[in-house]
Amino acid sequence: MITINGESFYDMPGSCGSCPFFSNGSTRLSPGSEIGYCRLFDENHKTWKNLPRRRQRLFNKAFRMPEGSRLVITNG
């Protein structure tokens, strides 16, 4: 398990919709929309979109770190 900005990752996300930082307003009663918001990079995009290359590189580096590592990412 790797912790990035307080969110736990057990596996690398395969798409934006499976990333803990992605929110599309979905609840049990309201399925939400296919466009959502990425809290990590402050962007809106679709849930089914493959991870952009910069996120793939970030997650690849994070998952090569020792088990139980904590990573903090800052913008700016």
# chains A, B, ... in the order shown; residues from 1 in each chain; ligands from 1

$ select_by_dssp --residues "chain A" --states "alpha helix (DSSP H)" --output "list in words"
Arg53, Arg54, Arg55, Gln56, Arg57, Leu58, Phe59, Asn60, Lys61, Ala62 and Phe63 of chain A

$ residues_around --residues "Trp48 (chain A)" --least-positions-apart "5" --cutoff "7 Å" --atoms "only C-alpha atoms" --output "short mmCIF file (atom, residue, chain, number, x, y, z; two decimals) with N, CA and C atoms, in the first residue's frame"
data_model
loop_
_atom_site.label_atom_id
_atom_site.label_comp_id
_atom_site.auth_asym_id
_atom_site.auth_seq_id
_atom_site.Cartn_x
_atom_site.Cartn_y
_atom_site.Cartn_z
N SER A 15 -7.91 3.77 -14.76
CA SER A 15 -8.57 4.90 -15.43
C SER A 15 -8.83 5.98 -14.39
N CYS A 16 -9.21 7.15 -14.85
CA CYS A 16 -9.47 8.26 -13.92
C CYS A 16 -10.60 7.92 -12.94
N GLY A 17 -11.62 7.20 -13.41
CA GLY A 17 -12.76 6.87 -12.57
C GLY A 17 -12.42 5.95 -11.41
#

$ residues_around --residues "Cys19 (chain A)" --least-positions-apart "2" --cutoff "10 Å" --atoms "only C-alpha atoms" --output "list of chain:residue names"
A:Glu7, A:Phe9, A:Asp11, A:Met12, A:Pro13, A:Gly14, A:Ser15, A:Cys16, A:Gly17, A:Phe21, A:Phe22, A:Ser23, A:Cys38, A:Thr47, A:Leu51

$ write_last_selection --atoms "N, CA and C atoms" --output "CSV table (one decimal), in the first residue's frame"
chain,number,residue,atom,x,y,z
A,7,GLU,N,-4.4,9.7,0.6
A,7,GLU,CA,-5.3,8.6,0.0
A,7,GLU,C,-4.5,7.4,-0.1
A,9,PHE,N,-3.5,3.8,-1.8
A,9,PHE,CA,-3.6,3.1,-3.0
A,9,PHE,C,-3.0,1.7,-2.8
A,11,ASP,N,-3.5,-0.6,-5.5
A,11,ASP,CA,-3.1,-0.9,-6.9
A,11,ASP,C,-3.1,0.4,-7.7
A,12,MET,N,-2.3,0.4,-8.8
A,12,MET,CA,-2.3,1.6,-9.6
A,12,MET,C,-3.7,1.7,-10.4
A,13,PRO,N,-4.3,2.9,-10.4
A,13,PRO,CA,-5.6,3.0,-11.1
A,13,PRO,C,-5.4,2.8,-12.6
A,14,GLY,N,-6.4,2.1,-13.2
A,14,GLY,CA,-6.4,1.9,-14.6
A,14,GLY,C,-7.0,3.0,-15.4
A,15,SER,N,-7.9,3.8,-14.8
A,15,SER,CA,-8.6,4.9,-15.4
A,15,SER,C,-8.8,6.0,-14.4
A,16,CYS,N,-9.2,7.1,-14.8
A,16,CYS,CA,-9.5,8.3,-13.9
A,16,CYS,C,-10.6,7.9,-12.9
A,17,GLY,N,-11.6,7.2,-13.4
A,17,GLY,CA,-12.8,6.9,-12.6
A,17,GLY,C,-12.4,6.0,-11.4
A,21,PHE,N,-8.7,10.1,-6.0
A,21,PHE,CA,-8.8,11.6,-6.1
A,21,PHE,C,-9.8,12.1,-7.1
A,22,PHE,N,-10.5,11.2,-7.8
A,22,PHE,CA,-11.5,11.6,-8.8
A,22,PHE,C,-12.9,11.5,-8.2
A,23,SER,N,-13.6,12.6,-8.4
A,23,SER,CA,-15.0,12.7,-7.9
A,23,SER,C,-16.0,13.1,-9.0
A,38,CYS,N,-10.8,16.0,-10.8
A,38,CYS,CA,-9.6,15.4,-10.2
A,38,CYS,C,-9.1,16.4,-9.2
A,47,THR,N,-14.7,10.0,-16.7
A,47,THR,CA,-14.4,8.9,-15.8
A,47,THR,C,-13.7,7.7,-16.5
A,51,LEU,N,-5.4,7.1,-17.7
A,51,LEU,CA,-4.6,8.1,-17.0
A,51,LEU,C,-3.7,8.8,-17.9

$ select_by_dssp --residues "region 14-76 of chain A" --states "strand (DSSP E or B)" --output "list in words"
Ser15, Phe22, Ser23, Ile35, Gly36, Tyr37, Cys38, Glu43, Asn44, His45, Lys46, Asn50, Arg70 and Leu71 of chain A

$ residues_around --residues "Arg55 (chain A)" --least-positions-apart "3" --cutoff "10 Å" --atoms "only C-alpha atoms" --output "ChimeraX atom specification"
/A:13,16,40-41,50-52,58-61

$ closest_residue --among "A:Lys46, A:Val72, A:Arg39, A:Glu67" --to "Tyr10 (chain A)" --atoms "only C-alpha atoms"
A:Glu67
